[in-house]
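File shown: entry05.cif (mmCIF, C-alpha atoms).
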data_target
#
loop_
_atom_site.label_atom_id
_atom_site.label_comp_id
_atom_site.auth_asym_id
_atom_site.auth_seq_id
_atom_site.Cartn_x
_atom_site.Cartn_y
_atom_site.Cartn_z
CA MET Y 1 -4.91 -88.62 -42.65
CA GLU Y 2 -1.62 -88.04 -44.51
CA ARG Y 3 0.13 -84.78 -43.85
CA ASN Y 4 1.33 -82.58 -46.71
CA PRO Y 5 5.12 -82.11 -46.15
CA PHE Y 6 5.03 -78.65 -47.79
CA ALA Y 7 2.05 -77.29 -45.91
CA ILE Y 8 2.86 -74.25 -43.79
CA ASP Y 9 0.88 -74.35 -40.65
CA GLN Y 10 1.23 -72.59 -37.33
CA GLU Y 11 3.61 -75.23 -36.00
CA VAL Y 12 6.02 -74.75 -38.92
CA ILE Y 13 5.98 -71.01 -38.49
CA LYS Y 14 6.69 -71.34 -34.77
CA THR Y 15 9.59 -73.71 -35.46
CA LEU Y 16 11.04 -71.40 -38.09
CA TYR Y 17 10.66 -68.39 -35.79
CA ARG Y 18 12.38 -70.20 -32.93
CA ARG Y 19 15.20 -71.22 -35.19
CA TYR Y 20 15.75 -67.87 -36.98
CA ARG Y 21 14.43 -65.24 -34.59
CA ASN Y 22 17.95 -63.92 -34.01
CA PHE Y 23 18.08 -62.98 -37.72
CA ALA Y 24 14.95 -60.88 -37.55
CA VAL Y 25 16.57 -57.71 -36.19
CA PRO Y 26 19.62 -57.56 -38.53
CA VAL Y 27 17.49 -58.47 -41.55
CA GLY Y 28 14.93 -55.84 -40.55
CA ILE Y 29 17.66 -53.24 -40.18
CA ILE Y 30 19.13 -54.11 -43.60
CA VAL Y 31 15.69 -53.95 -45.24
CA ILE Y 32 14.97 -50.59 -43.60
CA CYS Y 33 18.38 -49.31 -44.69
CA ILE Y 34 17.73 -50.41 -48.28
CA LEU Y 35 14.34 -48.69 -48.21
CA LEU Y 36 15.95 -45.55 -46.79
CA VAL Y 37 18.53 -45.58 -49.58
CA PHE Y 38 15.87 -45.82 -52.27
CA PHE Y 39 13.21 -43.59 -50.79
CA VAL Y 40 15.23 -40.99 -48.87
CA ILE Y 41 18.92 -40.92 -49.73
CA ILE Y 42 18.67 -41.14 -53.52
CA PRO Y 43 15.95 -38.43 -53.74
CA GLN Y 44 17.97 -36.27 -51.32
CA PHE Y 45 21.06 -36.79 -53.45
CA GLU Y 46 19.12 -35.78 -56.57
CA ASN Y 47 17.81 -32.79 -54.68
CA LEU Y 48 21.34 -31.81 -53.74
CA GLN Y 49 22.42 -32.11 -57.36
CA SER Y 50 19.57 -29.89 -58.54
CA MET Y 51 20.44 -27.41 -55.77
CA GLN Y 52 24.03 -27.32 -56.99
CA LYS Y 53 22.84 -26.80 -60.55
CA GLU Y 54 20.52 -24.01 -59.45
CA GLU Y 55 23.34 -22.52 -57.42
CA ALA Y 56 25.60 -22.42 -60.48
CA GLU Y 57 22.81 -20.85 -62.56
CA THR Y 58 22.10 -18.27 -59.87
CA ARG Y 59 25.79 -17.41 -59.65
CA GLU Y 60 25.82 -16.86 -63.44
CA LYS Y 61 22.70 -14.69 -63.22
CA ILE Y 62 24.22 -12.64 -60.42
CA ALA Y 63 27.38 -12.14 -62.46
CA VAL Y 64 25.28 -10.93 -65.42
CA LEU Y 65 23.18 -8.68 -63.19
CA LYS Y 66 26.29 -7.15 -61.67
CA GLU Y 67 27.81 -6.61 -65.11
CA ASN Y 68 24.56 -5.05 -66.31
CA ALA Y 69 24.49 -2.74 -63.30
CA ILE Y 70 28.11 -1.69 -63.91
CA MET Y 71 27.46 -1.17 -67.60
CA LEU Y 72 24.35 0.90 -66.98
CA GLY Y 73 26.28 3.00 -64.50
CA LYS Y 74 28.80 3.85 -67.19
CA ILE Y 75 26.17 5.04 -69.69
CA SER Y 76 25.37 8.70 -69.38
CA ASP Y 77 21.66 9.52 -69.51
CA VAL Y 78 22.21 12.39 -71.93
CA THR Y 79 24.23 10.29 -74.37
CA GLN Y 80 21.80 7.41 -74.14
CA ASN Y 81 18.75 9.60 -74.72
CA ASN Y 82 20.42 11.19 -77.72
CA GLU Y 83 21.42 7.85 -79.23
CA PHE Y 84 17.97 6.41 -78.52
CA ARG Y 85 16.25 9.38 -80.21
CA ILE Y 86 18.47 9.21 -83.30
CA ALA Y 87 18.14 5.43 -83.58
CA LEU Y 88 14.35 5.62 -83.34
CA LYS Y 89 14.15 8.49 -85.78
CA SER Y 90 16.32 6.61 -88.28
CA LEU Y 91 14.47 3.33 -87.93
CA PRO Y 92 11.04 3.89 -86.38
CA VAL Y 93 9.17 1.09 -84.67
CA GLU Y 94 6.10 1.61 -86.85
CA LYS Y 95 5.04 3.26 -90.09
CA ASP Y 96 6.07 6.84 -89.47
CA PHE Y 97 4.07 8.71 -92.09
CA VAL Y 98 4.64 12.07 -90.41
CA GLY Y 99 8.39 11.46 -90.30
CA ILE Y 100 8.38 10.47 -93.99
CA LEU Y 101 6.42 13.55 -95.02
CA GLU Y 102 8.76 15.76 -93.00
CA ALA Y 103 11.77 14.07 -94.61
CA ILE Y 104 10.36 14.61 -98.12
CA SER Y 105 9.43 18.20 -97.39
CA THR Y 106 12.81 19.09 -95.88
CA THR Y 107 14.66 17.23 -98.65
CA SER Y 108 12.82 19.13 -101.38
CA GLN Y 109 13.51 22.45 -99.63
CA LYS Y 110 17.20 21.68 -99.22
CA ALA Y 111 17.51 20.43 -102.80
CA GLY Y 112 15.54 23.40 -104.10
CA VAL Y 113 13.10 21.28 -106.09
CA SER Y 114 9.35 21.26 -106.19
CA ILE Y 115 7.58 18.04 -105.59
CA GLY Y 116 4.49 16.89 -107.41
CA ASP Y 117 2.12 14.08 -106.59
CA PHE Y 118 3.11 11.31 -104.32
CA SER Y 119 1.49 8.15 -103.06
CA PHE Y 120 2.24 5.64 -100.32
CA GLN Y 121 2.17 1.89 -100.72
CA VAL Y 122 1.09 1.25 -97.17
CA GLY Y 123 0.82 -2.54 -97.20
CA SER Y 124 -0.19 -4.34 -94.05
CA VAL Y 125 -1.08 -1.93 -91.26
CA SER Y 126 -0.43 -4.51 -88.60
CA PHE Y 127 2.37 -6.94 -88.06
CA ALA Y 128 2.60 -10.28 -86.40
CA LYS Y 129 3.56 -10.36 -82.73
CA GLY Y 130 7.29 -10.70 -82.37
CA GLU Y 131 7.92 -9.75 -85.98
CA THR Y 132 11.40 -8.31 -86.15
CA GLN Y 133 12.16 -8.43 -89.82
CA GLY Y 134 12.86 -5.12 -91.41
CA THR Y 135 9.83 -3.75 -93.20
CA THR Y 136 9.32 -0.88 -95.56
CA ILE Y 137 6.74 1.63 -96.73
CA GLY Y 138 6.83 2.37 -100.43
CA LEU Y 139 6.50 5.92 -101.71
CA THR Y 140 6.33 7.05 -105.31
CA ILE Y 141 6.94 10.69 -105.87
CA SER Y 142 7.40 12.98 -108.80
CA ILE Y 143 9.74 15.93 -108.65
CA PHE Y 144 10.01 18.82 -111.05
CA GLY Y 145 13.44 19.37 -112.52
CA GLY Y 146 16.06 17.70 -114.63
CA ILE Y 147 18.95 15.40 -113.85
CA SER Y 148 20.82 17.85 -111.60
CA GLU Y 149 17.69 18.60 -109.53
CA ALA Y 150 16.94 14.89 -109.19
CA ARG Y 151 20.54 14.25 -108.23
CA GLN Y 152 20.42 16.97 -105.59
CA PHE Y 153 17.13 15.61 -104.24
CA LEU Y 154 18.53 12.06 -104.05
CA THR Y 155 21.72 13.29 -102.33
CA GLU Y 156 19.69 15.02 -99.63
CA LEU Y 157 17.26 12.12 -99.35
CA ALA Y 158 20.12 9.70 -98.64
CA LYS Y 159 20.89 11.79 -95.52
CA SER Y 160 17.30 12.01 -94.32
CA MET Y 161 15.53 10.08 -91.60
CA PRO Y 162 13.74 7.62 -91.53
CA ILE Y 163 16.29 5.73 -93.57
CA SER Y 164 15.20 5.30 -97.16
CA GLU Y 165 16.32 3.38 -100.18
CA VAL Y 166 15.67 4.40 -103.78
CA LYS Y 167 14.30 1.41 -105.64
CA SER Y 168 13.97 3.12 -109.01
CA ALA Y 169 14.36 6.54 -110.53
CA ASN Y 170 13.00 7.62 -113.87
CA ILE Y 171 14.70 10.91 -114.62
CA ASP Y 172 13.65 13.11 -117.52
CA PRO Y 173 14.69 16.68 -118.36
CA LYS Y 174 11.53 18.13 -116.79
CA THR Y 175 10.11 15.67 -114.28
CA SER Y 176 11.41 12.65 -112.49
CA GLY Y 177 9.54 9.79 -110.89
CA LEU Y 178 11.12 8.17 -107.89
CA SER Y 179 10.18 4.99 -106.11
CA ILE Y 180 11.47 5.10 -102.55
CA GLN Y 181 11.23 2.68 -99.67
CA PHE Y 182 11.31 3.97 -96.12
CA HIS Y 183 12.43 1.49 -93.50
CA TYR Y 184 10.85 0.77 -90.12
CA ARG Y 185 11.26 -2.09 -87.69
CA PRO Y 186 8.89 -3.29 -84.99
CA ILE Y 187 10.32 -3.94 -81.55
CA GLY Y 188 11.25 -7.58 -81.47
CA PHE Y 189 11.04 -8.25 -77.74
CA SER Y 190 8.06 -8.02 -75.43
CA ALA Y 191 9.69 -7.89 -72.01
CA ILE Y 192 13.09 -7.01 -70.67
CA ASP Y 193 14.98 -9.86 -69.09
CA PHE Y 194 17.37 -8.42 -66.55
CA THR Y 195 19.41 -11.63 -66.47
CA THR Y 196 20.33 -11.32 -70.14
CA PRO Y 197 23.57 -9.44 -70.72
CA ILE Y 198 22.90 -5.93 -71.96
CA LYS Y 199 24.46 -5.48 -75.35
CA GLN Y 200 26.92 -2.65 -75.36
CA THR Y 201 27.25 -0.33 -78.31
CA THR Y 202 30.28 -1.32 -80.32
CA LYS Y 203 32.72 0.86 -82.18
CA LYS Y 204 30.75 0.24 -85.37
CA ASP Y 205 27.53 1.26 -83.62
CA GLN Y 206 29.23 4.46 -82.53
CA GLU Y 207 30.31 5.12 -86.11
CA VAL Y 208 26.72 4.70 -87.27
CA ILE Y 209 25.47 6.99 -84.49
CA THR Y 210 28.05 9.60 -85.50
CA LEU Y 211 26.99 9.33 -89.15
CA LEU Y 212 23.29 9.59 -88.30
CA SER Y 213 23.95 12.52 -85.95
CA SER Y 214 25.80 14.36 -88.72
CA TRP Y 215 22.81 13.82 -91.01
CA GLU Y 216 20.44 15.04 -88.35
CA SER Y 217 22.42 18.17 -87.59
CA ALA Y 218 22.75 18.95 -91.31
CA PHE Y 219 19.06 18.33 -91.91
CA MET H 1 21.73 -101.99 -38.92
CA ARG H 2 23.62 -98.90 -39.84
CA ASP H 3 24.32 -96.22 -37.14
CA ILE H 4 23.31 -92.69 -37.82
CA ASN H 5 25.10 -90.01 -35.80
CA LEU H 6 23.27 -86.73 -36.13
CA LEU H 7 25.25 -84.81 -33.51
CA PRO H 8 28.23 -83.55 -35.56
CA HIS H 9 25.90 -82.51 -38.36
CA ARG H 10 23.66 -80.58 -35.98
CA ARG H 11 26.69 -78.86 -34.40
CA ALA H 12 28.05 -77.94 -37.80
CA LYS H 13 24.70 -76.52 -38.77
CA SER H 14 24.43 -74.43 -35.62
CA GLU H 15 27.96 -73.19 -36.27
CA GLN H 16 26.88 -72.17 -39.75
CA ILE H 17 23.87 -70.35 -38.41
CA ARG H 18 26.00 -68.55 -35.85
CA LYS H 19 28.39 -67.45 -38.57
CA ALA H 20 25.56 -66.31 -40.77
CA LEU H 21 24.06 -64.44 -37.86
CA LYS H 22 27.35 -62.75 -37.19
CA ILE H 23 27.67 -61.72 -40.81
CA MET H 24 24.10 -60.46 -40.84
CA ARG H 25 24.69 -58.41 -37.69
CA ILE H 26 27.87 -56.88 -39.13
CA ALA H 27 26.08 -56.17 -42.41
CA SER H 28 23.15 -54.57 -40.62
CA ILE H 29 25.45 -52.37 -38.50
CA ALA H 30 27.47 -51.43 -41.59
CA SER H 31 24.37 -50.52 -43.57
CA LEU H 32 23.04 -48.54 -40.62
CA VAL H 33 26.32 -46.66 -40.31
CA PHE H 34 26.39 -46.13 -44.08
CA VAL H 35 22.86 -44.74 -44.18
CA LEU H 36 23.54 -42.57 -41.15
CA LEU H 37 26.77 -41.14 -42.56
CA ILE H 38 25.28 -40.48 -45.98
CA SER H 39 22.24 -38.83 -44.39
CA VAL H 40 24.39 -36.61 -42.20
CA LEU H 41 26.60 -35.72 -45.16
CA LEU H 42 23.64 -34.87 -47.38
CA PHE H 43 22.05 -32.85 -44.60
CA TYR H 44 25.32 -31.00 -44.00
CA LEU H 45 25.77 -30.25 -47.71
CA GLN H 46 22.19 -29.02 -48.04
CA VAL H 47 22.42 -26.84 -44.93
CA ARG H 48 25.76 -25.46 -46.07
CA SER H 49 24.43 -24.61 -49.56
CA PRO H 50 24.60 -20.87 -50.24
CA LEU H 51 21.58 -21.08 -52.54
CA SER H 52 19.21 -19.10 -50.34
CA ALA H 53 21.81 -16.36 -49.84
CA LEU H 54 22.45 -16.28 -53.57
CA LYS H 55 18.72 -16.07 -54.29
CA LYS H 56 18.45 -13.11 -51.90
CA GLU H 57 21.37 -11.40 -53.63
CA GLU H 58 19.82 -12.05 -57.03
CA GLN H 59 16.50 -10.64 -55.87
CA SER H 60 18.11 -7.53 -54.45
CA LEU H 61 20.06 -6.97 -57.70
CA MET H 62 16.86 -7.50 -59.69
CA THR H 63 15.09 -4.94 -57.54
CA SER H 64 17.83 -2.39 -58.03
CA LEU H 65 17.84 -3.04 -61.80
CA THR H 66 14.06 -2.67 -61.98
CA LYS H 67 14.60 0.98 -61.13
CA THR H 68 16.70 1.31 -64.28
CA LYS H 69 14.25 -0.64 -66.45
CA GLU H 70 13.68 2.32 -68.76
CA LYS H 71 17.40 2.72 -69.28
CA ILE H 72 17.79 -0.97 -70.10
CA GLU H 73 14.90 -0.81 -72.55
CA LYS H 74 16.37 2.23 -74.26
CA GLN H 75 19.73 0.53 -74.53
CA ALA H 76 18.17 -2.63 -75.97
CA ILE H 77 16.07 -0.70 -78.50
CA THR H 78 19.02 1.49 -79.53
CA LYS H 79 21.24 -1.53 -80.01
CA ASP H 80 18.52 -3.34 -81.95
CA ARG H 81 17.99 -0.34 -84.26
CA LEU H 82 21.72 0.14 -84.87
CA THR H 83 22.21 -3.54 -85.66
CA ALA H 84 19.42 -3.32 -88.22
CA ILE H 85 20.55 0.01 -89.69
CA MET H 86 24.08 -1.16 -90.50
CA PRO H 87 23.14 -3.72 -93.19
CA ILE H 88 20.59 -1.33 -94.71
CA LEU H 89 23.21 1.39 -95.11
CA ALA H 90 25.78 -1.09 -96.38
CA LYS H 91 23.36 -2.55 -98.94
CA ARG H 92 21.67 0.52 -100.31
CA LYS H 93 22.85 2.05 -103.56
CA ASP H 94 23.88 5.67 -103.54
CA VAL H 95 21.86 6.77 -106.57
CA SER H 96 23.37 10.27 -106.71
CA THR H 97 26.83 8.69 -107.03
CA VAL H 98 25.54 6.58 -109.93
CA ILE H 99 24.21 9.73 -111.64
CA ASP H 100 27.52 11.51 -111.01
CA PHE H 101 29.39 8.58 -112.52
CA PHE H 102 27.55 8.83 -115.85
CA MET H 103 27.58 12.64 -115.92
CA GLN H 104 31.34 12.70 -115.39
CA LYS H 105 31.92 10.16 -118.14
CA ALA H 106 29.87 12.10 -120.68
CA PRO H 107 31.93 14.56 -122.75
CA ASN H 108 30.70 18.15 -123.14
CA SER H 109 29.18 17.56 -126.56
CA VAL H 110 27.18 14.59 -125.30
CA THR H 111 23.99 15.15 -123.34
CA ILE H 112 22.26 12.64 -121.15
CA THR H 113 18.59 13.44 -121.58
CA GLY H 114 17.09 10.59 -119.66
CA LEU H 115 18.04 8.13 -116.93
CA THR H 116 16.14 5.16 -115.62
CA ILE H 117 17.83 3.77 -112.56
CA THR H 118 16.88 0.61 -110.75
CA THR H 119 18.77 -1.33 -108.10
CA GLU H 120 20.29 -3.50 -110.82
CA SER H 121 20.64 -1.43 -113.96
CA VAL H 122 20.72 2.03 -115.48
CA ASN H 123 19.17 2.91 -118.82
CA LEU H 124 20.50 6.06 -120.47
CA ILE H 125 19.10 8.17 -123.28
CA VAL H 126 21.97 10.09 -124.80
CA ASN H 127 22.14 12.73 -127.52
CA GLY H 128 25.14 14.30 -129.16
CA ALA H 129 26.27 16.26 -132.19
CA SER H 130 29.60 14.54 -132.59
CA ILE H 131 29.94 10.88 -133.42
CA THR H 132 33.53 10.99 -132.10
CA ALA H 133 32.36 12.25 -128.70
CA ILE H 134 29.67 9.59 -128.56
CA ASN H 135 32.24 6.96 -129.44
CA HIS H 136 34.53 8.28 -126.72
CA PHE H 137 31.68 8.08 -124.20
CA LEU H 138 30.93 4.50 -125.21
CA ASP H 139 34.61 3.57 -124.95
CA GLU H 140 34.73 5.04 -121.44
CA LEU H 141 31.69 3.01 -120.39
CA ILE H 142 33.09 -0.18 -121.89
CA SER H 143 36.40 0.24 -120.06
CA GLU H 144 34.46 0.93 -116.82
CA ALA H 145 32.39 -2.22 -117.38
CA ALA H 146 35.63 -4.17 -117.77
CA ALA H 147 36.91 -2.70 -114.49
CA LYS H 148 33.60 -3.75 -112.80
CA LYS H 149 33.70 -1.00 -110.20
CA VAL H 150 30.35 0.68 -110.82
CA ILE H 151 28.97 -1.01 -113.91
CA SER H 152 29.50 -4.54 -115.10
CA LYS H 153 27.93 -4.67 -118.55
CA VAL H 154 27.06 -2.20 -121.34
CA THR H 155 24.43 -2.91 -123.97
CA LEU H 156 23.71 -0.51 -126.80
CA ASP H 157 19.95 -0.80 -127.23
CA ASN H 158 19.23 1.68 -129.96
CA PHE H 159 21.12 4.12 -132.18
CA THR H 160 19.63 6.84 -134.40
CA ALA H 161 21.56 9.15 -136.64
CA ASP H 162 20.47 12.28 -138.48
CA MET H 163 23.50 12.95 -140.67
CA LYS H 164 22.14 16.20 -142.16
CA GLU H 165 21.51 17.78 -138.76
CA SER H 166 24.48 16.03 -137.14
CA ASP H 167 22.22 14.73 -134.41
CA TYR H 168 22.89 11.36 -132.96
CA GLY H 169 20.88 9.60 -130.31
CA PHE H 170 21.20 6.26 -128.61
CA THR H 171 19.97 4.34 -125.63
CA ILE H 172 22.28 2.26 -123.50
CA LYS H 173 21.58 -0.27 -120.82
CA THR H 174 24.22 -0.78 -118.16
CA ASP H 175 24.18 -3.34 -115.39
CA LEU H 176 25.26 -2.08 -111.99
CA VAL H 177 27.80 -3.99 -109.96
CA LYS H 178 26.01 -5.79 -107.14
CA LYS H 179 26.94 -4.70 -103.62
#

What does this structure look like when you write it as structure tokens?
Amino acid sequence: MERNPFAIDQEVIKTLYRRYRNFAVPVGIIVICILLVFFVIIPQFENLQSMQKEEAETREKIAVLKENAIMLGKISDVTQNNEFRIALKSLPVEKDFVGILEAISTTSQKAGVSIGDFSFQVGSVSFAKGETQGTTIGLTISIFGGISEARQFLTELAKSMPISEVKSANIDPKTSGLSIQFHYRPIGFSAIDFTTPIKQTTKKDQEVITLLSSWESAF
Amino acid sequence: MRDINLLPHRRAKSEQIRKALKIMRIASIASLVFVLLISVLLFYLQVRSPLSALKKEEQSLMTSLTKTKEKIEKQAITKDRLTAIMPILAKRKDVSTVIDFFMQKAPNSVTITGLTITTESVNLIVNGASITAINHFLDELISEAAAKKVISKVTLDNFTADMKESDYGFTIKTDLVKK
């Protein structure tokens, strides 16, 4: 029977082993090293990189947290409560009908004018989650009096809270019809993130606070 | 018959194998040393990483800030309100100033009997006994419209004249300057 020269039988394997057995250990070591590089060293290297990235992020967060803590320490509770109250009164988080009625009542008393009928344009009574856009409640009101009374009423109204905007005024010698929009603004964030820098009140903010405080004290 | 001497060839081949074996051994030792060094280095860098200490510090700062959560919320809400208030105040028209503007421009013998004010325009109903005074008032408004400080355009809508009674009435539409 003729033997196939390419057939690998036991004899061939034995011959090859005898001839190359000294290579087995170094080749095995190299193969194991290559496997270690791919399955251990590279993942460990990636892990180290992600650790370094996380480390940098954590350092940034710590810096922000420290700054926030310092900033909060500087804010006096009394000042903050006062500013918070005025800011909320000026721009409530929801439709503040009581605040509007109080503003109208006080304005009419200060202006010395009688008010007639009024009606609210309530609009949507709910707002979408996360809605931060400024929204308004419309109010139409009639006041008794001529141009000077209407003028006085509008002057006082401009200094009232919640903040309002006159959209139209129809002023006659005896009665005047005013269309006013009162502003409110839902809170635009659901949870406080301590790692976000706390926004400090700027000089302009302070000017607004001072203006609003002067309105409040005069009201 | 030709002689075939296999000896030198076999020796050369065994020399080649020995060289290859030597290279393989060096390569295997080098790769072993490489893997070992890299592993030790990576281990050292990971052990030396201050991440866990930083995480602890972050957590402790977070805990201390949680106590001032209300203060942070108040600050955020106040800032949010003030940021929103500023453009509203800047944009809104001071209607009483607009009324004052027209009242001051009207001479004594001219009476403004009606005003319709919107965010864009003001319609005036004016009466007067003197055509000269009315003319003066119109001239004032026209020059103000040219200056474009409060009003930008004046349109005379209607004019009525009762010559016997010396009673003149007209309606004017003025466009307000946009803020």

Which residues of chain Y sit at most 7 Å from chain H, using all atoms listed in the file? Give each one's shortest atom pair and distance in Å (one decimal place), in chain and ascending residue order, as JSON lines.
{"residue": "Y:Phe23", "atom": "CA", "partner": "H:Leu21", "partner_atom": "CA", "distance": 6.2}
{"residue": "Y:Pro26", "atom": "CA", "partner": "H:Ser28", "partner_atom": "CA", "distance": 5.1}
{"residue": "Y:Val27", "atom": "CA", "partner": "H:Ser28", "partner_atom": "CA", "distance": 6.9}
{"residue": "Y:Ile29", "atom": "CA", "partner": "H:Ser28", "partner_atom": "CA", "distance": 5.7}
{"residue": "Y:Ile30", "atom": "CA", "partner": "H:Ser28", "partner_atom": "CA", "distance": 5.0}
{"residue": "Y:Cys33", "atom": "CA", "partner": "H:Ser31", "partner_atom": "CA", "distance": 6.2}
{"residue": "Y:Val37", "atom": "CA", "partner": "H:Val35", "partner_atom": "CA", "distance": 7.0}
{"residue": "Y:Ile41", "atom": "CA", "partner": "H:Ser39", "partner_atom": "CA", "distance": 6.6}
{"residue": "Y:Phe45", "atom": "CA", "partner": "H:Leu42", "partner_atom": "CA", "distance": 6.9}
{"residue": "Y:Leu48", "atom": "CA", "partner": "H:Gln46", "partner_atom": "CA", "distance": 6.4}
{"residue": "Y:Glu55", "atom": "CA", "partner": "H:Leu51", "partner_atom": "CA", "distance": 5.4}
{"residue": "Y:Thr58", "atom": "CA", "partner": "H:Leu54", "partner_atom": "CA", "distance": 6.6}
{"residue": "Y:Ile62", "atom": "CA", "partner": "H:Glu58", "partner_atom": "CA", "distance": 5.6}
{"residue": "Y:Leu65", "atom": "CA", "partner": "H:Leu61", "partner_atom": "CA", "distance": 6.5}
{"residue": "Y:Ala69", "atom": "CA", "partner": "H:Leu65", "partner_atom": "CA", "distance": 6.8}
{"residue": "Y:Glu83", "atom": "CA", "partner": "H:Thr78", "partner_atom": "CA", "distance": 6.8}
{"residue": "Y:Phe84", "atom": "CA", "partner": "H:Thr78", "partner_atom": "CA", "distance": 5.1}
{"residue": "Y:Ala87", "atom": "CA", "partner": "H:Thr78", "partner_atom": "CA", "distance": 5.7}
{"residue": "Y:Leu91", "atom": "CA", "partner": "H:Arg81", "partner_atom": "CA", "distance": 6.3}
{"residue": "Y:Arg151", "atom": "CA", "partner": "H:Ser96", "partner_atom": "CA", "distance": 5.1}
{"residue": "Y:Leu154", "atom": "CA", "partner": "H:Ser96", "partner_atom": "CA", "distance": 5.8}
{"residue": "Y:Thr155", "atom": "CA", "partner": "H:Ser96", "partner_atom": "CA", "distance": 5.6}
{"residue": "Y:Glu165", "atom": "CA", "partner": "H:Arg92", "partner_atom": "CA", "distance": 6.1}
{"residue": "Y:Lys167", "atom": "CA", "partner": "H:Thr118", "partner_atom": "CA", "distance": 5.8}
{"residue": "Y:Ser168", "atom": "CA", "partner": "H:Thr118", "partner_atom": "CA", "distance": 4.2}
{"residue": "Y:Ala169", "atom": "CA", "partner": "H:Ile117", "partner_atom": "CA", "distance": 4.9}
{"residue": "Y:Asn170", "atom": "CA", "partner": "H:Thr116", "partner_atom": "CA", "distance": 4.4}
{"residue": "Y:Ile171", "atom": "CA", "partner": "H:Leu115", "partner_atom": "CA", "distance": 4.9}
{"residue": "Y:Asp172", "atom": "CA", "partner": "H:Gly114", "partner_atom": "CA", "distance": 4.8}
{"residue": "Y:Pro173", "atom": "CA", "partner": "H:Thr113", "partner_atom": "CA", "distance": 6.0}
{"residue": "Y:Ile192", "atom": "CA", "partner": "H:Glu73", "partner_atom": "CA", "distance": 6.7}
{"residue": "Y:Phe194", "atom": "CA", "partner": "H:Met62", "partner_atom": "CA", "distance": 6.9}
{"residue": "Y:Lys199", "atom": "CA", "partner": "H:Lys79", "partner_atom": "CA", "distance": 6.9}
{"residue": "Y:Thr201", "atom": "CA", "partner": "H:Lys79", "partner_atom": "CA", "distance": 6.4}
{"residue": "Y:Asp205", "atom": "CA", "partner": "H:Leu82", "partner_atom": "CA", "distance": 6.0}

For atom CA of H:Lys178 and atom CA of H:Ala145, determine how far apart the two atoms are, in Å to one decimal place.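 Separation of atom CA of H:Lys178 and atom CA of H:Ala145: 12.6 Å.
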
Report the distance between atom CA of Y:Ala158 and atom CA of H:Asp175 in Å, rounded to one decimal place.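 Taking atom CA of Y:Ala158 and atom CA of H:Asp175, their separation equals 21.6 Å.
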
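Take the candidates H:Lys56, H:Arg11, H:Lys173, H:Lys153 and check each one against H:Val126 using only C-alpha atoms; the shortest distance goes to H:Lys173.
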
Tell me which protein, DNA and RNA residues are within 7 Å of H:Pro107, counting all atoms listed in the file, leaving out same-chain ones fewer than 2 positions away, and put them as a PDB file with C-alpha atoms, keeping the file's coordinate frame.
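Result file out28.pdb:
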ATOM      1  CA  LYS H 105      31.920  10.160-118.140  1.00  0.00           C
ATOM      2  CA  SER H 109      29.180  17.560-126.560  1.00  0.00           C
ATOM      3  CA  VAL H 110      27.180  14.590-125.300  1.00  0.00           C
ATOM      4  CA  ALA H 133      32.360  12.250-128.700  1.00  0.00           C
ATOM      5  CA  PHE H 137      31.680   8.080-124.200  1.00  0.00           C
TER       6      PHE H 137
END

Have a look at atom CA of Y:Tyr184 and atom CA of Y:Phe153 and let me know their distance in Å, one decimal.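 Spanning atom CA of Y:Tyr184 to atom CA of Y:Phe153 is a straight-line distance of 21.4 Å.
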
Counting all atoms listed in the file, the residue among H:Ala106, H:Ala129, H:Leu41, H:Ala90 that lies closest to H:Glu165 is H:Ala129

Mind giving me the axis-aligned box for stretch 112-124 of chain Y with 4 Å on every side, centre plus edges in Å to one decimal, as AutoDock Vina command-line options?
--center_x 7.7 --center_y 9.5 --center_z -100.7 --size_x 23.7 --size_y 35.7 --size_z 21.4

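Shell of Y:Ile104 at 9 Å, with all atoms listed in the file counted and residues fewer than 6 places along the chain excluded, is Y:Ile115, Y:Leu157, Y:Ser160.
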
Choose the residue, out of H:Thr111, H:Ser166, H:Thr174, H:Gln104, that has the smallest atom-to-atom separation from H:Ala146; count all atoms listed in the file.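 Smallest separation from H:Ala146 among the options: H:Thr174.
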
Could you spell out the hits of the PyMOL selection byres ((chain Y and resi 110) around 9) on the shown file, as a list in words? Ser105, Thr106, Thr107, Ser108, Gln109, Ala111, Gly112, Val113, Gln152, Phe153, Glu156 and Phe219 of chain Y
